[in-house]
Amino acid sequence: MDSVDQSNSRQTTMDITTLGIDVSKNSFHVIGANRAGKPVFRQKFTRQKLTEFIANHPPCLIGMEACPGSQHFARKFEELGHQVRLMPAQFVKPYVKSNKNDFNDAAAIAEAVRRPTMRFVTTKTTEQHDLQAMHRVRERLVRTRTSIICQIRSFLLENGITVRTGRAALARALPAILEDPDQPLSERMRSLICRLRDQWRFIDEDINAVSKELEAIARSRDDCRRLLTIPGVGPLVATALVASVGNGRHFKRGRELAAWLGLVPREHSTGGKQRLLGISKRGSSYLRKLMIHGARSCYLNMNREPHRMGQWIDQLSQRGAHRNIVVVALANKLARICWAVMRDGSVYHCVKA
């Protein structure tokens, strides 16, 4: 009887052409579907058992929701000969039937990954993950520094001391405030603010160290050096784009990259009437912020006369567009240029007016 069960189980495994895996920290729920899309396999695995199961399984299509843990498994399963596709969680959710549980989620993944119109997330290389981790660390340090500065300002304000807006202005004014015995600060408050100032200095050193390392990486990589030829694109933007997008070839056109960054209008149309709202703000808020900062720098500092892009900016301004609207439109244009440079492996050549 046991040999019959093993034979049936082996036959069922051979019939599987698609696997949907619901990824978590320690347990992994797997649904296997045959060529017709019918679920024929259902099992829960530990992390080690899942790797063993996939290694012994014939090559098939594996679907997972995009998350930090799925990227590691995607690289591992591709090395074993499987075709792995990662999907955003919001695109899988409509396929969940009945109540939400791990097996239902895995069944939804197995069904969604077979859809011809599904949008997939590319698998990142180890180098891309390292670059992305450096940007995340830097962004966390910047947020921590901002919170420290805000706390220092609030403590000073509670004691009737105001400082001009700006990080540099506070850094210049703080030594005189702490050394002045006439300021209405108690010794305990002076000590607390001194501690916060020391933390601020340490964080500044960490931010500068990470920034210098990113600049060195941008100078050493060919893809980053090509991106640096684009106006408004510096080492931070170039390395962040390479970490998130790679060569950009999974986007069919530049507008798809701009839409992925959330730099296109959000649409709410019905009844044949088109209604465009503000930008969608989809995708990575960090990368979108960098692109908009780069566009703002380009808007303020670029010599517009000899460039066709400069004429385009002037025309938008002359039509009465607000400066922020022009900056976002310029960020959209720069994103499209970045896509063309990454896809073709070329450099940006300025078009003369």
# chains A, B, ... in the order shown; residues from 1 in each chain; ligands from 1
>>> closest_atom_pairs(of="stretch 275-307 of chain A", to="stretch 128-138 of chain A", cutoff="12 Å", atoms="only C-alpha atoms", output="tab-separated table")
residue	atom	partner	partner_atom	distance
A:Ser284	CA	A:Gln132	CA	11.6
A:Ser285	CA	A:Arg136	CA	12.0
A:Tyr286	CA	A:Arg136	CA	9.0
A:Leu287	CA	A:His135	CA	9.8
A:Leu290	CA	A:His135	CA	11.1
>>> write_last_selection(atoms="C-alpha atoms", output="PDB file, in the first residue's frame")
ATOM      1  CA  SER A 284       9.552  53.736  -4.540  1.00  0.00           C
ATOM      2  CA  SER A 285       9.023  57.028  -2.732  1.00  0.00           C
ATOM      3  CA  TYR A 286      12.785  57.257  -2.087  1.00  0.00           C
ATOM      4  CA  LEU A 287      13.735  56.946  -5.752  1.00  0.00           C
ATOM      5  CA  LEU A 290      15.751  61.635  -5.645  1.00  0.00           C
TER       6      LEU A 290
END
>>> residues_around(residues="stretch 294-296 of chain A", least_positions_apart="6", cutoff="10 Å", atoms="only C-alpha atoms", output="list in words")
Pro231, Gly232, Val233, Gly234, Leu236, Val237, Arg288, Met302, Arg323, Asn324, Val326, Val327, Val328, Ala329, Leu330, Ala331, Asn332, Lys333, Leu334 and Ala335 of chain A
>>> residues_around(residues="A:Pro94", least_positions_apart="4", cutoff="10 Å", atoms="only C-alpha atoms", output="number ranges by chain")
A: 89-90, 108, 112
>>> write_last_selection(atoms="all heavy atoms", output="CSV table (one decimal), in the first residue's frame")
chain,number,residue,atom,x,y,z
A,89,ALA,N,2.3,42.2,-4.4
A,89,ALA,CA,1.3,41.6,-3.6
A,89,ALA,C,-0.1,42.2,-4.0
A,89,ALA,O,-1.1,41.4,-4.0
A,89,ALA,CB,1.5,41.9,-2.1
A,90,GLN,N,-0.2,43.5,-4.4
A,90,GLN,CA,-1.5,44.0,-4.7
A,90,GLN,C,-2.1,43.4,-6.0
A,90,GLN,O,-3.3,43.5,-6.2
A,90,GLN,CB,-1.4,45.5,-4.8
A,90,GLN,CG,-0.6,46.1,-6.0
A,90,GLN,CD,0.8,46.4,-5.5
A,90,GLN,OE1,1.3,45.7,-4.6
A,90,GLN,NE2,1.5,47.3,-6.1
A,108,ALA,N,-3.7,31.5,-4.9
A,108,ALA,CA,-3.8,32.7,-5.7
A,108,ALA,C,-2.5,33.0,-6.4
A,108,ALA,O,-2.6,33.5,-7.6
A,108,ALA,CB,-4.2,33.9,-4.7
A,112,ALA,N,-2.2,33.5,-10.3
A,112,ALA,CA,-1.9,34.8,-10.9
A,112,ALA,C,-0.6,34.7,-11.8
A,112,ALA,O,-0.5,35.4,-12.8
A,112,ALA,CB,-1.6,35.8,-9.7
>>> closest_atom_pairs(of="stretch 229-258 of chain A", to="stretch 277-283 of chain A", cutoff="12 Å", atoms="only C-alpha atoms", output="JSON lines")
{"residue": "A:Ser244", "atom": "CA", "partner": "A:Gly283", "partner_atom": "CA", "distance": 10.5}
{"residue": "A:Val245", "atom": "CA", "partner": "A:Gly283", "partner_atom": "CA", "distance": 11.6}
{"residue": "A:Glu256", "atom": "CA", "partner": "A:Gly283", "partner_atom": "CA", "distance": 11.5}
{"residue": "A:Leu257", "atom": "CA", "partner": "A:Gly283", "partner_atom": "CA", "distance": 9.9}
{"residue": "A:Ala258", "atom": "CA", "partner": "A:Gly283", "partner_atom": "CA", "distance": 9.8}
>>> write_last_selection(atoms="all heavy atoms", output="PDB file, in the first residue's frame")
ATOM      1  N   SER A 244      17.689  49.596  -8.292  1.00  0.00           N
ATOM      2  CA  SER A 244      16.266  49.279  -8.382  1.00  0.00           C
ATOM      3  C   SER A 244      15.839  48.764  -9.744  1.00  0.00           C
ATOM      4  O   SER A 244      14.941  47.932  -9.837  1.00  0.00           O
ATOM      5  CB  SER A 244      15.429  50.529  -8.032  1.00  0.00           C
ATOM      6  OG  SER A 244      15.695  50.961  -6.730  1.00  0.00           O
ATOM      7  N   VAL A 245      16.466  49.272 -10.816  1.00  0.00           N
ATOM      8  CA  VAL A 245      15.987  49.006 -12.172  1.00  0.00           C
ATOM      9  C   VAL A 245      16.938  48.112 -12.958  1.00  0.00           C
ATOM     10  O   VAL A 245      16.521  47.399 -13.866  1.00  0.00           O
ATOM     11  CB  VAL A 245      15.760  50.349 -12.921  1.00  0.00           C
ATOM     12  CG1 VAL A 245      15.262  50.113 -14.324  1.00  0.00           C
ATOM     13  CG2 VAL A 245      14.780  51.215 -12.157  1.00  0.00           C
ATOM     14  N   GLU A 256       6.881  53.752 -19.099  1.00  0.00           N
ATOM     15  CA  GLU A 256       6.604  52.731 -18.094  1.00  0.00           C
ATOM     16  C   GLU A 256       7.492  52.931 -16.858  1.00  0.00           C
ATOM     17  O   GLU A 256       7.044  52.721 -15.736  1.00  0.00           O
ATOM     18  CB  GLU A 256       6.808  51.341 -18.685  1.00  0.00           C
ATOM     19  CG  GLU A 256       5.746  50.944 -19.703  1.00  0.00           C
ATOM     20  CD  GLU A 256       5.853  49.488 -20.099  1.00  0.00           C
ATOM     21  OE1 GLU A 256       6.741  48.791 -19.566  1.00  0.00           O
ATOM     22  OE2 GLU A 256       5.058  49.047 -20.944  1.00  0.00           O
ATOM     23  N   LEU A 257       8.744  53.326 -17.088  1.00  0.00           N
ATOM     24  CA  LEU A 257       9.611  53.613 -15.952  1.00  0.00           C
ATOM     25  C   LEU A 257       9.103  54.830 -15.186  1.00  0.00           C
ATOM     26  O   LEU A 257       9.070  54.828 -13.947  1.00  0.00           O
ATOM     27  CB  LEU A 257      11.047  53.852 -16.425  1.00  0.00           C
ATOM     28  CG  LEU A 257      12.043  54.308 -15.347  1.00  0.00           C
ATOM     29  CD1 LEU A 257      12.132  53.292 -14.222  1.00  0.00           C
ATOM     30  CD2 LEU A 257      13.416  54.556 -15.954  1.00  0.00           C
ATOM     31  N   ALA A 258       8.694  55.877 -15.904  1.00  0.00           N
ATOM     32  CA  ALA A 258       8.156  57.070 -15.239  1.00  0.00           C
ATOM     33  C   ALA A 258       6.885  56.729 -14.458  1.00  0.00           C
ATOM     34  O   ALA A 258       6.671  57.235 -13.344  1.00  0.00           O
ATOM     35  CB  ALA A 258       7.873  58.154 -16.271  1.00  0.00           C
TER      36      ALA A 258
END
>>> select_by_dssp(residues="stretch 21-183 of chain A", states="strand (DSSP E or B)", output="PDB file with all heavy atoms, in the first residue's frame")
ATOM      1  N   ILE A  21       4.154  29.722  -4.202  1.00  0.00           N
ATOM      2  CA  ILE A  21       4.760  29.618  -2.874  1.00  0.00           C
ATOM      3  C   ILE A  21       4.438  30.869  -2.077  1.00  0.00           C
ATOM      4  O   ILE A  21       4.746  31.990  -2.499  1.00  0.00           O
ATOM      5  CB  ILE A  21       6.290  29.437  -2.969  1.00  0.00           C
ATOM      6  CG1 ILE A  21       6.644  28.217  -3.830  1.00  0.00           C
ATOM      7  CG2 ILE A  21       6.907  29.304  -1.586  1.00  0.00           C
ATOM      8  CD1 ILE A  21       8.131  28.016  -4.024  1.00  0.00           C
ATOM      9  N   ASP A  22       3.806  30.673  -0.922  1.00  0.00           N
ATOM     10  CA  ASP A  22       3.559  31.772   0.008  1.00  0.00           C
ATOM     11  C   ASP A  22       4.735  31.824   0.976  1.00  0.00           C
ATOM     12  O   ASP A  22       4.935  30.912   1.780  1.00  0.00           O
ATOM     13  CB  ASP A  22       2.253  31.552   0.759  1.00  0.00           C
ATOM     14  CG  ASP A  22       1.933  32.709   1.690  1.00  0.00           C
ATOM     15  OD1 ASP A  22       1.863  33.852   1.206  1.00  0.00           O
ATOM     16  OD2 ASP A  22       1.767  32.461   2.899  1.00  0.00           O
ATOM     17  N   SER A  27       7.951  29.176   7.737  1.00  0.00           N
ATOM     18  CA  SER A  27       7.080  28.195   7.092  1.00  0.00           C
ATOM     19  C   SER A  27       6.705  28.676   5.699  1.00  0.00           C
ATOM     20  O   SER A  27       6.507  29.884   5.478  1.00  0.00           O
ATOM     21  CB  SER A  27       5.815  27.956   7.925  1.00  0.00           C
ATOM     22  OG  SER A  27       5.092  29.155   8.088  1.00  0.00           O
ATOM     23  N   PHE A  28       6.593  27.712   4.778  1.00  0.00           N
ATOM     24  CA  PHE A  28       6.327  28.027   3.378  1.00  0.00           C
ATOM     25  C   PHE A  28       5.230  27.097   2.868  1.00  0.00           C
ATOM     26  O   PHE A  28       5.365  25.877   2.919  1.00  0.00           O
ATOM     27  CB  PHE A  28       7.605  27.851   2.538  1.00  0.00           C
ATOM     28  CG  PHE A  28       8.750  28.683   3.029  1.00  0.00           C
ATOM     29  CD1 PHE A  28       9.572  28.235   4.050  1.00  0.00           C
ATOM     30  CD2 PHE A  28       9.000  29.929   2.482  1.00  0.00           C
ATOM     31  CE1 PHE A  28      10.624  29.009   4.514  1.00  0.00           C
ATOM     32  CE2 PHE A  28      10.043  30.711   2.931  1.00  0.00           C
ATOM     33  CZ  PHE A  28      10.854  30.251   3.950  1.00  0.00           C
ATOM     34  N   HIS A  29       4.139  27.695   2.403  1.00  0.00           N
ATOM     35  CA  HIS A  29       2.988  26.936   1.924  1.00  0.00           C
ATOM     36  C   HIS A  29       3.028  26.896   0.395  1.00  0.00           C
ATOM     37  O   HIS A  29       3.157  27.950  -0.248  1.00  0.00           O
ATOM     38  CB  HIS A  29       1.691  27.558   2.413  1.00  0.00           C
ATOM     39  CG  HIS A  29       1.560  27.521   3.907  1.00  0.00           C
ATOM     40  ND1 HIS A  29       2.285  28.352   4.735  1.00  0.00           N
ATOM     41  CD2 HIS A  29       0.773  26.757   4.719  1.00  0.00           C
ATOM     42  CE1 HIS A  29       1.964  28.098   5.994  1.00  0.00           C
ATOM     43  NE2 HIS A  29       1.048  27.143   6.014  1.00  0.00           N
ATOM     44  N   VAL A  30       2.941  25.691  -0.155  1.00  0.00           N
ATOM     45  CA  VAL A  30       3.132  25.483  -1.590  1.00  0.00           C
ATOM     46  C   VAL A  30       1.886  24.844  -2.188  1.00  0.00           C
ATOM     47  O   VAL A  30       1.334  23.887  -1.637  1.00  0.00           O
ATOM     48  CB  VAL A  30       4.361  24.578  -1.852  1.00  0.00           C
ATOM     49  CG1 VAL A  30       4.547  24.356  -3.349  1.00  0.00           C
ATOM     50  CG2 VAL A  30       5.614  25.199  -1.246  1.00  0.00           C
ATOM     51  N   ILE A  31       1.442  25.403  -3.304  1.00  0.00           N
ATOM     52  CA  ILE A  31       0.360  24.832  -4.101  1.00  0.00           C
ATOM     53  C   ILE A  31       0.930  24.542  -5.491  1.00  0.00           C
ATOM     54  O   ILE A  31       1.527  25.412  -6.124  1.00  0.00           O
ATOM     55  CB  ILE A  31      -0.830  25.801  -4.222  1.00  0.00           C
ATOM     56  CG1 ILE A  31      -1.497  25.993  -2.860  1.00  0.00           C
ATOM     57  CG2 ILE A  31      -1.853  25.279  -5.236  1.00  0.00           C
ATOM     58  CD1 ILE A  31      -2.197  24.780  -2.313  1.00  0.00           C
ATOM     59  N   GLY A  32       0.749  23.306  -5.965  1.00  0.00           N
ATOM     60  CA  GLY A  32       1.199  22.923  -7.296  1.00  0.00           C
ATOM     61  C   GLY A  32       0.016  22.734  -8.225  1.00  0.00           C
ATOM     62  O   GLY A  32      -1.002  22.158  -7.842  1.00  0.00           O
ATOM     63  N   ALA A  33       0.131  23.253  -9.454  1.00  0.00           N
ATOM     64  CA  ALA A  33      -0.939  23.151 -10.448  1.00  0.00           C
ATOM     65  C   ALA A  33      -0.419  22.439 -11.683  1.00  0.00           C
ATOM     66  O   ALA A  33       0.761  22.558 -12.039  1.00  0.00           O
ATOM     67  CB  ALA A  33      -1.464  24.541 -10.816  1.00  0.00           C
ATOM     68  N   PRO A  39      -5.171  22.758  -9.186  1.00  0.00           N
ATOM     69  CA  PRO A  39      -4.278  22.412  -8.081  1.00  0.00           C
ATOM     70  C   PRO A  39      -4.245  20.906  -7.836  1.00  0.00           C
ATOM     71  O   PRO A  39      -5.298  20.277  -7.656  1.00  0.00           O
ATOM     72  CB  PRO A  39      -4.890  23.153  -6.892  1.00  0.00           C
ATOM     73  CG  PRO A  39      -5.713  24.240  -7.485  1.00  0.00           C
ATOM     74  CD  PRO A  39      -6.242  23.682  -8.778  1.00  0.00           C
ATOM     75  N   VAL A  40      -3.057  20.333  -7.841  1.00  0.00           N
ATOM     76  CA  VAL A  40      -2.900  18.895  -7.628  1.00  0.00           C
ATOM     77  C   VAL A  40      -1.919  18.600  -6.496  1.00  0.00           C
ATOM     78  O   VAL A  40      -1.655  17.436  -6.197  1.00  0.00           O
ATOM     79  CB  VAL A  40      -2.411  18.218  -8.924  1.00  0.00           C
ATOM     80  CG1 VAL A  40      -3.464  18.300 -10.008  1.00  0.00           C
ATOM     81  CG2 VAL A  40      -1.094  18.826  -9.401  1.00  0.00           C
ATOM     82  N   PHE A  41      -1.381  19.648  -5.880  1.00  0.00           N
ATOM     83  CA  PHE A  41      -0.371  19.449  -4.828  1.00  0.00           C
ATOM     84  C   PHE A  41      -0.554  20.545  -3.781  1.00  0.00           C
ATOM     85  O   PHE A  41      -0.771  21.708  -4.115  1.00  0.00           O
ATOM     86  CB  PHE A  41       1.038  19.505  -5.418  1.00  0.00           C
ATOM     87  CG  PHE A  41       2.136  19.308  -4.413  1.00  0.00           C
ATOM     88  CD1 PHE A  41       2.505  18.039  -4.007  1.00  0.00           C
ATOM     89  CD2 PHE A  41       2.803  20.405  -3.879  1.00  0.00           C
ATOM     90  CE1 PHE A  41       3.523  17.858  -3.080  1.00  0.00           C
ATOM     91  CE2 PHE A  41       3.820  20.234  -2.962  1.00  0.00           C
ATOM     92  CZ  PHE A  41       4.182  18.961  -2.554  1.00  0.00           C
ATOM     93  N   ARG A  42      -0.454  20.153  -2.525  1.00  0.00           N
ATOM     94  CA  ARG A  42      -0.669  21.101  -1.419  1.00  0.00           C
ATOM     95  C   ARG A  42       0.152  20.618  -0.235  1.00  0.00           C
ATOM     96  O   ARG A  42      -0.092  19.530   0.290  1.00  0.00           O
ATOM     97  CB  ARG A  42      -2.158  21.159  -1.085  1.00  0.00           C
ATOM     98  CG  ARG A  42      -2.529  21.893   0.204  1.00  0.00           C
ATOM     99  CD  ARG A  42      -3.988  21.635   0.496  1.00  0.00           C
ATOM    100  NE  ARG A  42      -4.364  22.140   1.803  1.00  0.00           N
ATOM    101  CZ  ARG A  42      -5.137  23.201   1.999  1.00  0.00           C
ATOM    102  NH1 ARG A  42      -5.607  23.860   0.973  1.00  0.00           N
ATOM    103  NH2 ARG A  42      -5.460  23.587   3.218  1.00  0.00           N
ATOM    104  N   GLN A  43       1.119  21.445   0.194  1.00  0.00           N
ATOM    105  CA  GLN A  43       1.974  21.010   1.295  1.00  0.00           C
ATOM    106  C   GLN A  43       2.660  22.205   1.947  1.00  0.00           C
ATOM    107  O   GLN A  43       2.906  23.227   1.304  1.00  0.00           O
ATOM    108  CB  GLN A  43       3.031  20.010   0.799  1.00  0.00           C
ATOM    109  CG  GLN A  43       3.733  19.276   1.933  1.00  0.00           C
ATOM    110  CD  GLN A  43       4.474  18.046   1.436  1.00  0.00           C
ATOM    111  OE1 GLN A  43       4.165  17.524   0.366  1.00  0.00           O
ATOM    112  NE2 GLN A  43       5.427  17.577   2.201  1.00  0.00           N
ATOM    113  N   LYS A  44       2.975  22.036   3.227  1.00  0.00           N
ATOM    114  CA  LYS A  44       3.694  23.045   3.999  1.00  0.00           C
ATOM    115  C   LYS A  44       5.119  22.565   4.231  1.00  0.00           C
ATOM    116  O   LYS A  44       5.345  21.395   4.562  1.00  0.00           O
ATOM    117  CB  LYS A  44       2.979  23.285   5.332  1.00  0.00           C
ATOM    118  CG  LYS A  44       3.686  24.249   6.267  1.00  0.00           C
ATOM    119  CD  LYS A  44       2.924  24.367   7.581  1.00  0.00           C
ATOM    120  CE  LYS A  44       3.673  25.225   8.584  1.00  0.00           C
ATOM    121  NZ  LYS A  44       2.959  25.316   9.878  1.00  0.00           N
ATOM    122  N   PHE A  45       6.099  23.470   4.058  1.00  0.00           N
ATOM    123  CA  PHE A  45       7.508  23.118   4.195  1.00  0.00           C
ATOM    124  C   PHE A  45       8.190  24.053   5.180  1.00  0.00           C
ATOM    125  O   PHE A  45       7.772  25.201   5.359  1.00  0.00           O
ATOM    126  CB  PHE A  45       8.243  23.227   2.849  1.00  0.00           C
ATOM    127  CG  PHE A  45       7.819  22.231   1.816  1.00  0.00           C
ATOM    128  CD1 PHE A  45       6.861  22.569   0.874  1.00  0.00           C
ATOM    129  CD2 PHE A  45       8.376  20.965   1.778  1.00  0.00           C
ATOM    130  CE1 PHE A  45       6.465  21.662  -0.088  1.00  0.00           C
ATOM    131  CE2 PHE A  45       7.988  20.041   0.819  1.00  0.00           C
ATOM    132  CZ  PHE A  45       7.033  20.393  -0.118  1.00  0.00           C
ATOM    133  N   THR A  46       9.269  23.539   5.778  1.00  0.00           N
ATOM    134  CA  THR A  46      10.198  24.419   6.477  1.00  0.00           C
ATOM    135  C   THR A  46      11.171  24.993   5.450  1.00  0.00           C
ATOM    136  O   THR A  46      11.164  24.606   4.272  1.00  0.00           O
ATOM    137  CB  THR A  46      10.983  23.655   7.546  1.00  0.00           C
ATOM    138  OG1 THR A  46      11.748  22.612   6.907  1.00  0.00           O
ATOM    139  CG2 THR A  46      10.044  23.042   8.573  1.00  0.00           C
ATOM    140  N   LEU A  61       7.511  26.435 -13.562  1.00  0.00           N
ATOM    141  CA  LEU A  61       7.279  27.855 -13.309  1.00  0.00           C
ATOM    142  C   LEU A  61       6.947  28.044 -11.842  1.00  0.00           C
ATOM    143  O   LEU A  61       6.020  27.411 -11.324  1.00  0.00           O
ATOM    144  CB  LEU A  61       6.138  28.371 -14.190  1.00  0.00           C
ATOM    145  CG  LEU A  61       5.659  29.799 -13.941  1.00  0.00           C
ATOM    146  CD1 LEU A  61       6.762  30.808 -14.238  1.00  0.00           C
ATOM    147  CD2 LEU A  61       4.419  30.106 -14.773  1.00  0.00           C
ATOM    148  N   ILE A  62       7.696  28.917 -11.162  1.00  0.00           N
ATOM    149  CA  ILE A  62       7.494  29.176  -9.738  1.00  0.00           C
ATOM    150  C   ILE A  62       7.091  30.631  -9.567  1.00  0.00           C
ATOM    151  O   ILE A  62       7.751  31.540 -10.072  1.00  0.00           O
ATOM    152  CB  ILE A  62       8.774  28.886  -8.929  1.00  0.00           C
ATOM    153  CG1 ILE A  62       9.164  27.413  -9.058  1.00  0.00           C
ATOM    154  CG2 ILE A  62       8.583  29.253  -7.466  1.00  0.00           C
ATOM    155  CD1 ILE A  62      10.447  27.054  -8.337  1.00  0.00           C
ATOM    156  N   GLY A  63       5.987  30.860  -8.867  1.00  0.00           N
ATOM    157  CA  GLY A  63       5.514  32.214  -8.582  1.00  0.00           C
ATOM    158  C   GLY A  63       5.577  32.514  -7.102  1.00  0.00           C
ATOM    159  O   GLY A  63       5.278  31.661  -6.268  1.00  0.00           O
ATOM    160  N   MET A  64       5.995  33.746  -6.785  1.00  0.00           N
ATOM    161  CA  MET A  64       6.039  34.215  -5.400  1.00  0.00           C
ATOM    162  C   MET A  64       5.694  35.695  -5.379  1.00  0.00           C
ATOM    163  O   MET A  64       5.859  36.390  -6.377  1.00  0.00           O
ATOM    164  CB  MET A  64       7.437  34.007  -4.789  1.00  0.00           C
ATOM    165  CG  MET A  64       7.844  32.566  -4.583  1.00  0.00           C
ATOM    166  SD  MET A  64       9.494  32.405  -3.840  1.00  0.00           S
ATOM    167  CE  MET A  64      10.523  32.881  -5.224  1.00  0.00           C
ATOM    168  N   GLU A  65       5.200  36.160  -4.243  1.00  0.00           N
ATOM    169  CA  GLU A  65       5.006  37.591  -4.066  1.00  0.00           C
ATOM    170  C   GLU A  65       6.352  38.253  -3.828  1.00  0.00           C
ATOM    171  O   GLU A  65       7.228  37.692  -3.168  1.00  0.00           O
ATOM    172  CB  GLU A  65       4.069  37.863  -2.887  1.00  0.00           C
ATOM    173  CG  GLU A  65       2.630  37.487  -3.148  1.00  0.00           C
ATOM    174  CD  GLU A  65       1.717  37.851  -1.982  1.00  0.00           C
ATOM    175  OE1 GLU A  65       2.266  38.153  -0.896  1.00  0.00           O
ATOM    176  OE2 GLU A  65       0.494  37.834  -2.148  1.00  0.00           O
ATOM    177  N   GLN A  83      12.048  28.474 -13.675  1.00  0.00           N
ATOM    178  CA  GLN A  83      11.661  29.812 -14.105  1.00  0.00           C
ATOM    179  C   GLN A  83      10.890  30.478 -12.975  1.00  0.00           C
ATOM    180  O   GLN A  83       9.810  30.017 -12.596  1.00  0.00           O
ATOM    181  CB  GLN A  83      10.801  29.761 -15.372  1.00  0.00           C
ATOM    182  CG  GLN A  83      10.396  31.121 -15.900  1.00  0.00           C
ATOM    183  CD  GLN A  83       9.467  31.034 -17.090  1.00  0.00           C
ATOM    184  OE1 GLN A  83       8.995  29.949 -17.445  1.00  0.00           O
ATOM    185  NE2 GLN A  83       9.178  32.164 -17.706  1.00  0.00           N
ATOM    186  N   VAL A  84      11.438  31.546 -12.419  1.00  0.00           N
ATOM    187  CA  VAL A  84      10.870  32.194 -11.246  1.00  0.00           C
ATOM    188  C   VAL A  84      10.314  33.551 -11.642  1.00  0.00           C
ATOM    189  O   VAL A  84      10.980  34.332 -12.333  1.00  0.00           O
ATOM    190  CB  VAL A  84      11.919  32.360 -10.129  1.00  0.00           C
ATOM    191  CG1 VAL A  84      11.292  32.976  -8.891  1.00  0.00           C
ATOM    192  CG2 VAL A  84      12.537  31.012  -9.789  1.00  0.00           C
ATOM    193  N   ARG A  85       9.093  33.832 -11.190  1.00  0.00           N
ATOM    194  CA  ARG A  85       8.465  35.124 -11.447  1.00  0.00           C
ATOM    195  C   ARG A  85       7.940  35.679 -10.136  1.00  0.00           C
ATOM    196  O   ARG A  85       7.206  35.000  -9.414  1.00  0.00           O
ATOM    197  CB  ARG A  85       7.331  34.993 -12.469  1.00  0.00           C
ATOM    198  CG  ARG A  85       7.828  34.665 -13.874  1.00  0.00           C
ATOM    199  CD  ARG A  85       6.682  34.550 -14.845  1.00  0.00           C
ATOM    200  NE  ARG A  85       7.148  34.303 -16.210  1.00  0.00           N
ATOM    201  CZ  ARG A  85       6.349  34.070 -17.239  1.00  0.00           C
ATOM    202  NH1 ARG A  85       5.039  34.035 -17.061  1.00  0.00           N
ATOM    203  NH2 ARG A  85       6.857  33.859 -18.438  1.00  0.00           N
ATOM    204  N   LEU A  86       8.307  36.922  -9.864  1.00  0.00           N
ATOM    205  CA  LEU A  86       7.866  37.616  -8.655  1.00  0.00           C
ATOM    206  C   LEU A  86       6.800  38.637  -9.024  1.00  0.00           C
ATOM    207  O   LEU A  86       6.918  39.318 -10.045  1.00  0.00           O
ATOM    208  CB  LEU A  86       9.053  38.311  -7.979  1.00  0.00           C
ATOM    209  CG  LEU A  86      10.260  37.429  -7.646  1.00  0.00           C
ATOM    210  CD1 LEU A  86      11.361  38.263  -7.017  1.00  0.00           C
ATOM    211  CD2 LEU A  86       9.858  36.291  -6.727  1.00  0.00           C
ATOM    212  N   MET A  87       5.784  38.743  -8.190  1.00  0.00           N
ATOM    213  CA  MET A  87       4.655  39.634  -8.473  1.00  0.00           C
ATOM    214  C   MET A  87       4.390  40.547  -7.283  1.00  0.00           C
ATOM    215  O   MET A  87       4.531  40.122  -6.132  1.00  0.00           O
ATOM    216  CB  MET A  87       3.386  38.809  -8.764  1.00  0.00           C
ATOM    217  CG  MET A  87       3.499  37.900  -9.970  1.00  0.00           C
ATOM    218  SD  MET A  87       2.215  36.618  -9.954  1.00  0.00           S
ATOM    219  CE  MET A  87       2.785  35.588  -8.597  1.00  0.00           C
ATOM    220  N   VAL A 121       8.060  41.450 -11.200  1.00  0.00           N
ATOM    221  CA  VAL A 121       9.197  42.166 -10.634  1.00  0.00           C
ATOM    222  C   VAL A 121      10.463  41.398 -11.002  1.00  0.00           C
ATOM    223  O   VAL A 121      10.509  40.169 -10.880  1.00  0.00           O
ATOM    224  CB  VAL A 121       9.067  42.274  -9.103  1.00  0.00           C
ATOM    225  CG1 VAL A 121      10.289  42.948  -8.496  1.00  0.00           C
ATOM    226  CG2 VAL A 121       7.793  43.028  -8.737  1.00  0.00           C
TER     227      VAL A 121
END
